[in-house]
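S.K.: Let me begin by handing over the structure; questions about it come next.
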Amino acid sequence: MNILIVEDEFLIALDLQMQLEQLQHSVLGPVKDFAACREVVTQSRPDLAFMDLRLANGESGEDLAQWLLSEYSIRCIFMSGNLDEQTQTRLRALEPIAMLGKPTFPHLIAAAIEDFARG
């Protein structure tokens with residue numbers, strides 16, 4: 001699959017990229033804000049996106065996920081260090097594939113992708 005990484009922390013993005021490549025997926029990005037995401041998405045359509053909730057320049061991953069879903073029908077796997085019940089409730093409206101806490105583990109990443117692939 002072609003998977004977009006939207007993450008503003010370089011080391012987290014790099015670790016996620018290596019994990020996805022070990023699972024034999026193609027990685028688009030990583031990107032850290034809306035402008036970079038828009039550029040990547042218009043050039044190569046990802047199958048799904050790994051989305052941080054707090055992005056560079058104070059931008060919201062939640063808003064970006066809404067744009068990806070409404071404009072391109074691209075769903076997200078959210079990754080955040082703060083997935084309290086209120087946040088999870090709000091994110092459900094965006095039809096997430098999964099919501100993973102940070103740091104996350106390779107088996108959780110693989111399971112989320114497999115669930116998506118099964119439909």
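Identifiers for the structure tokens are assigned positionally: chains receive A, B, ... in sequence, residues are indexed from 1 per chain, and ligands are indexed from 1 in the order shown.
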Find the residues around Gly101 in chain A up to 12 Å (only C-alpha atoms counted), leave out those fewer than 6 positions away in its own chain, and share them as an mmCIF file with all heavy atoms, in the first residue's frame.
M.R.:
```cif
data_model
loop_
_atom_site.group_PDB
_atom_site.id
_atom_site.type_symbol
_atom_site.label_atom_id
_atom_site.label_comp_id
_atom_site.auth_asym_id
_atom_site.auth_seq_id
_atom_site.Cartn_x
_atom_site.Cartn_y
_atom_site.Cartn_z
ATOM 1 N N PHE A 50 -1.136 7.873 8.212
ATOM 2 C CA PHE A 50 -0.871 7.882 9.642
ATOM 3 C C PHE A 50 -0.835 9.346 10.033
ATOM 4 O O PHE A 50 -0.045 10.121 9.478
ATOM 5 C CB PHE A 50 0.464 7.209 9.977
ATOM 6 C CG PHE A 50 0.353 5.729 10.147
ATOM 7 C CD1 PHE A 50 0.329 4.895 9.047
ATOM 8 C CD2 PHE A 50 0.272 5.167 11.413
ATOM 9 C CE1 PHE A 50 0.217 3.521 9.194
ATOM 10 C CE2 PHE A 50 0.156 3.795 11.571
ATOM 11 C CZ PHE A 50 0.135 2.966 10.462
ATOM 12 N N MET A 51 -1.700 9.754 10.954
ATOM 13 C CA MET A 51 -1.905 11.172 11.251
ATOM 14 C C MET A 51 -1.652 11.496 12.719
ATOM 15 O O MET A 51 -2.308 10.953 13.607
ATOM 16 C CB MET A 51 -3.356 11.534 10.901
ATOM 17 C CG MET A 51 -3.738 12.968 11.116
ATOM 18 S SD MET A 51 -2.967 14.109 9.961
ATOM 19 C CE MET A 51 -3.699 13.585 8.409
ATOM 20 N N ASP A 52 -0.707 12.390 12.946
ATOM 21 C CA ASP A 52 -0.508 12.960 14.273
ATOM 22 C C ASP A 52 -1.604 14.001 14.497
ATOM 23 O O ASP A 52 -2.095 14.596 13.530
ATOM 24 C CB ASP A 52 0.874 13.610 14.340
ATOM 25 C CG ASP A 52 1.239 14.108 15.721
ATOM 26 O OD1 ASP A 52 0.599 13.699 16.711
ATOM 27 O OD2 ASP A 52 2.185 14.917 15.823
ATOM 28 N N LEU A 53 -1.990 14.230 15.735
ATOM 29 C CA LEU A 53 -3.052 15.200 15.997
ATOM 30 C C LEU A 53 -2.546 16.636 16.094
ATOM 31 O O LEU A 53 -3.269 17.564 15.773
ATOM 32 C CB LEU A 53 -3.803 14.838 17.279
ATOM 33 C CG LEU A 53 -4.623 13.559 17.212
ATOM 34 C CD1 LEU A 53 -5.326 13.303 18.540
ATOM 35 C CD2 LEU A 53 -5.627 13.618 16.077
ATOM 36 N N ILE A 77 -5.120 6.543 10.269
ATOM 37 C CA ILE A 77 -4.782 5.905 11.530
ATOM 38 C C ILE A 77 -4.202 7.040 12.373
ATOM 39 O O ILE A 77 -3.179 7.622 12.009
ATOM 40 C CB ILE A 77 -3.750 4.776 11.345
ATOM 41 C CG1 ILE A 77 -4.359 3.644 10.511
ATOM 42 C CG2 ILE A 77 -3.261 4.272 12.708
ATOM 43 C CD1 ILE A 77 -3.371 2.566 10.107
ATOM 44 N N PHE A 78 -4.895 7.394 13.437
ATOM 45 C CA PHE A 78 -4.428 8.490 14.282
ATOM 46 C C PHE A 78 -3.399 7.982 15.277
ATOM 47 O O PHE A 78 -3.546 6.903 15.838
ATOM 48 C CB PHE A 78 -5.595 9.130 15.039
ATOM 49 C CG PHE A 78 -6.520 9.894 14.148
ATOM 50 C CD1 PHE A 78 -7.752 9.375 13.802
ATOM 51 C CD2 PHE A 78 -6.154 11.130 13.637
ATOM 52 C CE1 PHE A 78 -8.611 10.076 12.971
ATOM 53 C CE2 PHE A 78 -7.006 11.837 12.802
ATOM 54 C CZ PHE A 78 -8.231 11.313 12.468
ATOM 55 N N MET A 79 -2.364 8.797 15.490
ATOM 56 C CA MET A 79 -1.336 8.497 16.478
ATOM 57 C C MET A 79 -1.171 9.730 17.359
ATOM 58 O O MET A 79 -0.982 10.826 16.849
ATOM 59 C CB MET A 79 -0.012 8.165 15.798
ATOM 60 C CG MET A 79 -0.063 6.891 14.982
ATOM 61 S SD MET A 79 1.498 6.538 14.166
ATOM 62 C CE MET A 79 2.608 6.470 15.545
ATOM 63 N N SER A 80 -1.272 9.515 18.669
ATOM 64 C CA SER A 80 -1.146 10.646 19.573
ATOM 65 C C SER A 80 -0.754 10.163 20.957
ATOM 66 O O SER A 80 -1.069 9.031 21.340
ATOM 67 C CB SER A 80 -2.474 11.405 19.665
ATOM 68 O OG SER A 80 -2.370 12.472 20.575
ATOM 69 N N GLY A 81 -0.087 11.039 21.680
ATOM 70 C CA GLY A 81 0.220 10.758 23.073
ATOM 71 C C GLY A 81 -0.954 11.087 23.983
ATOM 72 O O GLY A 81 -0.905 10.833 25.176
ATOM 73 N N ASN A 82 -2.013 11.663 23.418
ATOM 74 C CA ASN A 82 -3.172 12.064 24.207
ATOM 75 C C ASN A 82 -4.460 11.627 23.518
ATOM 76 O O ASN A 82 -5.058 12.372 22.760
ATOM 77 C CB ASN A 82 -3.170 13.581 24.414
ATOM 78 C CG ASN A 82 -4.291 14.031 25.304
ATOM 79 O OD1 ASN A 82 -4.847 13.246 26.059
ATOM 80 N ND2 ASN A 82 -4.639 15.300 25.215
ATOM 81 N N LEU A 83 -4.862 10.413 23.791
ATOM 82 C CA LEU A 83 -6.104 9.896 23.212
ATOM 83 C C LEU A 83 -7.121 9.634 24.314
ATOM 84 O O LEU A 83 -7.601 8.516 24.490
ATOM 85 C CB LEU A 83 -5.827 8.617 22.424
ATOM 86 C CG LEU A 83 -5.155 8.798 21.072
ATOM 87 C CD1 LEU A 83 -4.766 7.455 20.465
ATOM 88 C CD2 LEU A 83 -6.054 9.567 20.121
ATOM 89 N N ASP A 84 -7.459 10.677 25.046
ATOM 90 C CA ASP A 84 -8.458 10.529 26.100
ATOM 91 C C ASP A 84 -9.819 10.232 25.472
ATOM 92 O O ASP A 84 -9.994 10.309 24.260
ATOM 93 C CB ASP A 84 -8.514 11.774 26.988
ATOM 94 C CG ASP A 84 -8.822 13.042 26.203
ATOM 95 O OD1 ASP A 84 -9.752 13.035 25.382
ATOM 96 O OD2 ASP A 84 -8.122 14.044 26.429
ATOM 97 N N THR A 87 -11.340 12.939 23.191
ATOM 98 C CA THR A 87 -10.654 13.021 21.896
ATOM 99 C C THR A 87 -11.081 11.867 21.004
ATOM 100 O O THR A 87 -11.394 12.063 19.829
ATOM 101 C CB THR A 87 -9.122 13.015 22.088
ATOM 102 O OG1 THR A 87 -8.756 14.130 22.909
ATOM 103 C CG2 THR A 87 -8.392 13.093 20.762
ATOM 104 N N GLN A 88 -11.119 10.665 21.543
ATOM 105 C CA GLN A 88 -11.524 9.505 20.755
ATOM 106 C C GLN A 88 -12.959 9.651 20.249
ATOM 107 O O GLN A 88 -13.244 9.313 19.100
ATOM 108 C CB GLN A 88 -11.385 8.226 21.583
ATOM 109 C CG GLN A 88 -9.943 7.839 21.823
ATOM 110 C CD GLN A 88 -9.831 6.532 22.574
ATOM 111 O OE1 GLN A 88 -10.551 5.584 22.281
ATOM 112 N NE2 GLN A 88 -8.932 6.475 23.537
ATOM 113 N N LEU A 108 0.990 -3.401 16.562
ATOM 114 C CA LEU A 108 -0.236 -2.607 16.504
ATOM 115 C C LEU A 108 -0.370 -1.901 15.158
ATOM 116 O O LEU A 108 -1.468 -1.800 14.607
ATOM 117 C CB LEU A 108 -0.270 -1.584 17.637
ATOM 118 C CG LEU A 108 -0.320 -2.153 19.051
ATOM 119 C CD1 LEU A 108 -0.216 -1.037 20.080
ATOM 120 C CD2 LEU A 108 -1.577 -2.978 19.256
ATOM 121 N N ILE A 109 0.745 -1.435 14.631
ATOM 122 C CA ILE A 109 0.754 -0.807 13.309
ATOM 123 C C ILE A 109 0.336 -1.824 12.254
ATOM 124 O O ILE A 109 -0.530 -1.567 11.429
ATOM 125 C CB ILE A 109 2.141 -0.212 13.002
ATOM 126 C CG1 ILE A 109 2.397 0.991 13.917
ATOM 127 C CG2 ILE A 109 2.275 0.165 11.531
ATOM 128 C CD1 ILE A 109 3.821 1.497 13.896
#
```
S.K.: Have a look at A:Ala117, A:Ala36, A:Val6, A:Ala65 and name the one nearest to Arg92 in chain A; count only C-alpha atoms.
M.R.: A:Ala65
S.K.: Which is closer to Leu64 in chain A than all the others in A:Asp33, A:Glu7, A:Glu21, A:Glu114, using only C-alpha atoms?
M.R.: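 For Leu64 in chain A, the nearest of the given residues is A:Asp33.
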S.K.: Calculated over only C-alpha atoms, which of the candidates A:Asp8, A:His25, A:Lys102, A:Met18 has the smallest distance to Leu48 in chain A?
M.R.: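 Of the candidates, the smallest distance to Leu48 in chain A is held by A:His25.
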S.K.: Contacts of Ala49 in chain A at 7 Å or less, counting only C-alpha atoms, minus same-chain residues fewer than 3 places along, as a PyMOL selection string?
M.R.: chain A and resi 3-5+46+75-77
S.K.: List the spatial neighbours of Pro106 in chain A as number ranges by chain - criterion: any atom at most 12 Å away, only C-alpha atoms, same-chain residues fewer than 5 positions off excluded.
M.R.: A: 15-23, 100, 111-113
S.K.: Determine which residues of chain A receive a DSSP assignment of helix (DSSP H, G or I), computed from the backbone, and state them as a ChimeraX atom specification.
M.R.: /A:10-22,34-43,56-58,61-72,85-94,106-118
S.K.: Could you write out, as a PyMOL selection string, all the residues of range 16-117 of chain A that DSSP marks as strand (DSSP E or B)?
M.R.: chain A and resi 26-31+48-52+54+60+75-80+98-101
S.K.: Selection from above, C-alpha atoms, as a tab-separated table (two decimals), in the first residue's frame, can you write it?
M.R.:
```
chain	number	residue	atom	x	y	z
A	26	SER	CA	5.56	2.38	0.18
A	27	VAL	CA	5.84	5.52	2.27
A	28	LEU	CA	4.78	8.96	1.05
A	29	GLY	CA	6.26	11.81	3.04
A	30	PRO	CA	6.69	12.24	5.87
A	31	VAL	CA	5.02	15.63	5.85
A	48	LEU	CA	-4.31	5.67	3.94
A	49	ALA	CA	-2.51	8.09	6.24
A	50	PHE	CA	-0.87	7.88	9.64
A	51	MET	CA	-1.91	11.17	11.25
A	52	ASP	CA	-0.51	12.96	14.27
A	54	ARG	CA	-0.72	18.16	16.61
A	60	SER	CA	-4.54	20.31	13.56
A	75	ARG	CA	-8.97	7.46	5.97
A	76	CYS	CA	-6.45	7.81	8.77
A	77	ILE	CA	-4.78	5.91	11.53
A	78	PHE	CA	-4.43	8.49	14.28
A	79	MET	CA	-1.34	8.50	16.48
A	80	SER	CA	-1.15	10.65	19.57
A	98	ALA	CA	-7.45	2.95	14.27
A	99	MET	CA	-6.32	5.20	17.11
A	100	LEU	CA	-2.87	4.36	18.43
A	101	GLY	CA	-1.10	5.85	21.41
```
S.K.: Using Å and a single decimal, report how far CA of Val41 in chain A sits from CA of Leu68 in chain A.
M.R.: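 Atom-to-atom, CA of Leu68 in chain A and CA of Val41 in chain A are spaced 8.6 Å apart.
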S.K.: For CA of Thr42 in chain A and CA of Ser73 in chain A, quote the distance in Å rounded to one decimal.
M.R.: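 For CA of Thr42 in chain A relative to CA of Ser73 in chain A, the distance reads 13.0 Å.
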